[in-house]
Every structure is written in C-alpha cells, then in structure tokens.
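Down below is the structure, laid out as structure tokens.
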Amino acid sequence: MRFDVVTLFPELFEPFLRVGVTRRAFESRQVDVRLWPLRDFAEDNYRRVDDRPYGGGPGMVMLVEPLERAMAAVRADRVAATSSAPPPAVIYFSPTGRRMDQALVRELAAGPGAIVLCGRYEGIDQRFLDRHVTMEISLGDFVLSGGELPALAMLDAVTRLQEGVLNDAASHQQDSFSDGLLDCPHYSRPEVLETVNGSQPVPPVLLSGHHAEIARWRRERSLALTQQRRPDLIEAARRDGKLSRKDEAFLSSLPRV
C-alpha cells in the first residue's frame, strides 16, 4: 500500500511517521508514505505556488502548473515502481467532500493506496481538480487551514487496520463504529479508585470472569452510550438488522430522553 502526499508542509508528516503503534508499518513500508514538497515543482525564483483568484475576493488559489508537474512526477514514479498497477485514486481534502467515517476508512484500507493532495489557502484551481481528483474527503462540517491534518488522520486510521500493525488484531474490531455503535467504557487498575468524592470501583461484572456476562454488559453499555449520544447510529443499526431481540429489549428499558 502506497500513499504519495503532495504538500507544502512535508515537515508536518515526518514526526508522525516515527511514533506510535503505526510506526512499524511506516518504517517497514507496509504502508509506504512518500512526501512530495509542492514548492519543488515551482519554476520561478520565488517558488510561487499560489496567486490571486480571478473575479476578486480574499485569499489566494493554488496554481495549476506546479500541481501538474507534481502529479506527473508522482505518476511516473509509481509506474516505474509498479508498472502493472492500476491508476491510483487521487484524494483531495475539502469541506465539500464525503465525510470520512469508518466505512470509508475500511474501503481505503483494503485498497492499494492513493495520491493525496493537501490544499491550502482558498483551495486548488478547479480545473486541476476536474482533471485529476477522483475522491474528495471532509473530516466534518468545519474548516481547517489545509489538508495536512485530514491526511494525517486518514493515514493513521487506514494504517491501524492493516494486518499486524496493532499488537492485538481484535483491538480495532472493538473500536467505536466497527459494528456501527460507539464503544463501551473501559477500566484498568486500581480496582478501587479513591477520590475526594469517595470510592469508585470497577464494575463488578468485569471482575467476575464470566465471559458471557462481560460481553453482554459491554454490549449494553455500548447501546446505552450510542442511544444517548448518537441515536442516529441506533436507527442505522436497526435498519441494517444489526440489533438482536435482547438489544431491542434493553433499549426499550432505557429512560426516554
């Protein structure tokens, strides 16, 4: 799996590629991340990659020509490395794109990678987007200064789903959204936490050793939290037939909000 990242700020990625549980995947190139500094493809003395927008208005727009040269270099390098590979997806991060969720992350994690464009300023000249971009992605209904942070989020989410990246393969299977619901609460030592407001013990069922009861407790806590904070996910799980009779009975016992 290979990701080619075209960015004005490659230095934002370099520390990320050397830390955390995903580091092994990047160092071994199980997930091969290659950084392409966009200013390397500017041809004037000022290494300009942006200019004023036609029609007036605030901000600057990223120029087509440096991006075209960067795209040509990336594609040529990929062909030289894997001549038989199909053309990669080209991802652009934009508030107008498809919202990133776990379903999209799984889709990307099962693929061969992509070329990733990190925009800045008011955005990228639309003619370049029309020619090259195959997928626009948004982190949510808010605006960031550029595409680097969404790219980092995507790389982390995709990489942790690769085989062998996490120490326990079951870790991501129990994450929020993996089964359409939010994750349940988790506890560790000490067994009883002493605070100024009194003692806070770990829920007794988690100490029981009864695996079926623990599994049911976790399922019910997941259902309750999802119903409280994301009832839309409960409705989606219901439509998809992912709720059992026990799940429905438990949900019906919860107090109405």
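In the structure tokens, chains take the letters A, B, ... in the order shown, each chain's residues start at 1, and ligands count up from 1 in the order shown.
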Those in segment 55-132 of chain A with alpha helix (DSSP H) from DSSP, as a VMD selection string: chain A and resid 64 to 81 102 to 109 126 to 132
Would you mind exporting C-alpha atoms of the selected residues as a PDB file, in the first residue's frame?
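Once written, result-v6.pdb looks like this:
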ATOM      1  CA  VAL A  64      -2.382  24.555 -11.711  1.00  0.00           C
ATOM      2  CA  GLU A  65       1.109  24.342 -13.220  1.00  0.00           C
ATOM      3  CA  PRO A  66       3.147  23.327 -10.138  1.00  0.00           C
ATOM      4  CA  LEU A  67       0.452  20.805  -9.273  1.00  0.00           C
ATOM      5  CA  GLU A  68       0.503  19.374 -12.793  1.00  0.00           C
ATOM      6  CA  ARG A  69       4.273  18.926 -12.625  1.00  0.00           C
ATOM      7  CA  ALA A  70       3.996  17.293  -9.187  1.00  0.00           C
ATOM      8  CA  MET A  71       1.250  14.970 -10.390  1.00  0.00           C
ATOM      9  CA  ALA A  72       3.281  13.947 -13.446  1.00  0.00           C
ATOM     10  CA  ALA A  73       6.305  13.184 -11.264  1.00  0.00           C
ATOM     11  CA  VAL A  74       4.257  11.123  -8.810  1.00  0.00           C
ATOM     12  CA  ARG A  75       2.580   9.119 -11.559  1.00  0.00           C
ATOM     13  CA  ALA A  76       5.894   8.461 -13.322  1.00  0.00           C
ATOM     14  CA  ASP A  77       7.483   7.277 -10.083  1.00  0.00           C
ATOM     15  CA  ARG A  78       4.568   4.954  -9.339  1.00  0.00           C
ATOM     16  CA  VAL A  79       4.687   3.482 -12.855  1.00  0.00           C
ATOM     17  CA  ALA A  80       8.424   2.869 -12.519  1.00  0.00           C
ATOM     18  CA  ALA A  81       7.843   1.080  -9.209  1.00  0.00           C
ATOM     19  CA  GLN A 102     -15.171   4.056   9.461  1.00  0.00           C
ATOM     20  CA  ALA A 103     -16.819   2.589   6.364  1.00  0.00           C
ATOM     21  CA  LEU A 104     -14.699   4.831   4.131  1.00  0.00           C
ATOM     22  CA  VAL A 105     -11.587   4.035   6.181  1.00  0.00           C
ATOM     23  CA  ARG A 106     -12.185   0.299   5.703  1.00  0.00           C
ATOM     24  CA  GLU A 107     -12.664   0.881   1.977  1.00  0.00           C
ATOM     25  CA  LEU A 108      -9.346   2.717   1.724  1.00  0.00           C
ATOM     26  CA  ALA A 109      -7.585   0.190   3.984  1.00  0.00           C
ATOM     27  CA  GLN A 126     -10.907  23.891 -10.084  1.00  0.00           C
ATOM     28  CA  ARG A 127      -9.511  22.912 -13.484  1.00  0.00           C
ATOM     29  CA  PHE A 128      -6.883  20.750 -11.805  1.00  0.00           C
ATOM     30  CA  LEU A 129      -9.483  19.131  -9.542  1.00  0.00           C
ATOM     31  CA  ASP A 130     -11.717  18.379 -12.516  1.00  0.00           C
ATOM     32  CA  ARG A 131      -8.852  16.737 -14.392  1.00  0.00           C
ATOM     33  CA  HIS A 132      -7.339  14.599 -11.652  1.00  0.00           C
TER      34      HIS A 132
END
Near-Leu63 of chain A list (8 Å; only C-alpha atoms; drop same-chain fewer than 5 positions) as a PyMOL selection string: chain A and resi 49-51+124-125
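The neighbours of Thr96 of chain A here are the residues that come within 12 Å of it, using only C-alpha atoms and leaving out any residue fewer than 3 positions away in the same chain; they are Tyr92, Phe93, Arg99, Met100, Gly123, Met135, Glu136, Ile137, Ser138, Leu139, Gly140, Asp141, Phe142 and Val143 of chain A.
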Nearest to Ile214 of chain A, chosen from A:Val133, A:Cys184, A:Asn45, A:Ser28, with only C-alpha atoms counted in the distances: A:Cys184
Among the residues A:Gly147, A:Asp44, A:Gly59, A:Ala114, the one that comes closest to Pro10 of chain A [using only C-alpha atoms]: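 For Pro10 of chain A, the nearest of the candidates is A:Gly147.
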Separation of atom CA of Tyr54 of chain A from atom CA of Tyr121 of chain A, in Å and rounded to one decimal: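 A separation of 14.4 Å between them.
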Residue list (strand (DSSP E or B), DSSP) for segment 107-165 of chain A, as a ChimeraX atom specification: /A:113-117,120,124,135-138,146
Could you please take those selected residues and save C-alpha atoms as a tab-separated table (two decimals), in the first residue's frame?
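again25.tsv written:
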chain	number	residue	atom	x	y	z
A	113	GLY	CA	-3.23	3.42	-1.55
A	114	ALA	CA	-3.67	6.77	-3.27
A	115	ILE	CA	-2.20	10.08	-4.32
A	116	VAL	CA	-3.14	12.63	-1.66
A	117	LEU	CA	-3.43	16.37	-2.33
A	120	ARG	CA	-4.02	25.40	1.30
A	124	ILE	CA	-6.91	24.50	-5.61
A	135	MET	CA	-12.40	11.45	-4.37
A	136	GLU	CA	-12.95	14.47	-2.12
A	137	ILE	CA	-12.98	13.82	1.63
A	138	SER	CA	-14.03	16.01	4.57
A	146	GLY	CA	-5.08	22.94	4.94
Interatomic distance (Å, one decimal) between atom CA of Ser188 of chain A and atom CA of Val21 of chain A: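 One can read the atom CA of Ser188 of chain A to atom CA of Val21 of chain A distance as 20.1 Å.
The smallest atom-to-atom distance between Leu223 of chain A and any of A:Asp4, A:Asp183, A:Asp240, A:Glu148, using only C-alpha atoms, is found for A:Asp183.
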Selection: 6 Å around Thr7 of chain A, only C-alpha atoms, excl. self and same-chain fewer than 6 positions, as a VMD selection string: chain A and resid 37 to 38 118
Distance query Pro204 of chain A at most 12 Å, only C-alpha atoms, self and fewer than 6 positions along chain excluded, as a ChimeraX atom specification: /A:187,191-192,210,213-214,217
Distance in Å - atom CA of Val33 of chain A versus atom CA of Phe3 of chain A: 4.8 Å
Closest of A:Arg189, A:Leu35, A:Arg229, A:Glu43 to Ala151 of chain A - atom-to-atom distances counting only C-alpha atoms: A:Leu35
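Distance annotation: of A:Met1, A:Ala212, A:Met62, A:Ala224, the residue with the minimal separation from Pro185 of chain A is A:Ala224; atom set is only C-alpha atoms.
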Contact residues around segment 156-161 of chain A with only C-alpha atoms at 7 Å, ignoring same-chain residues under 3 positions, as a ChimeraX atom specification: /A:22,31,105,108-109,152-153,165-166,172
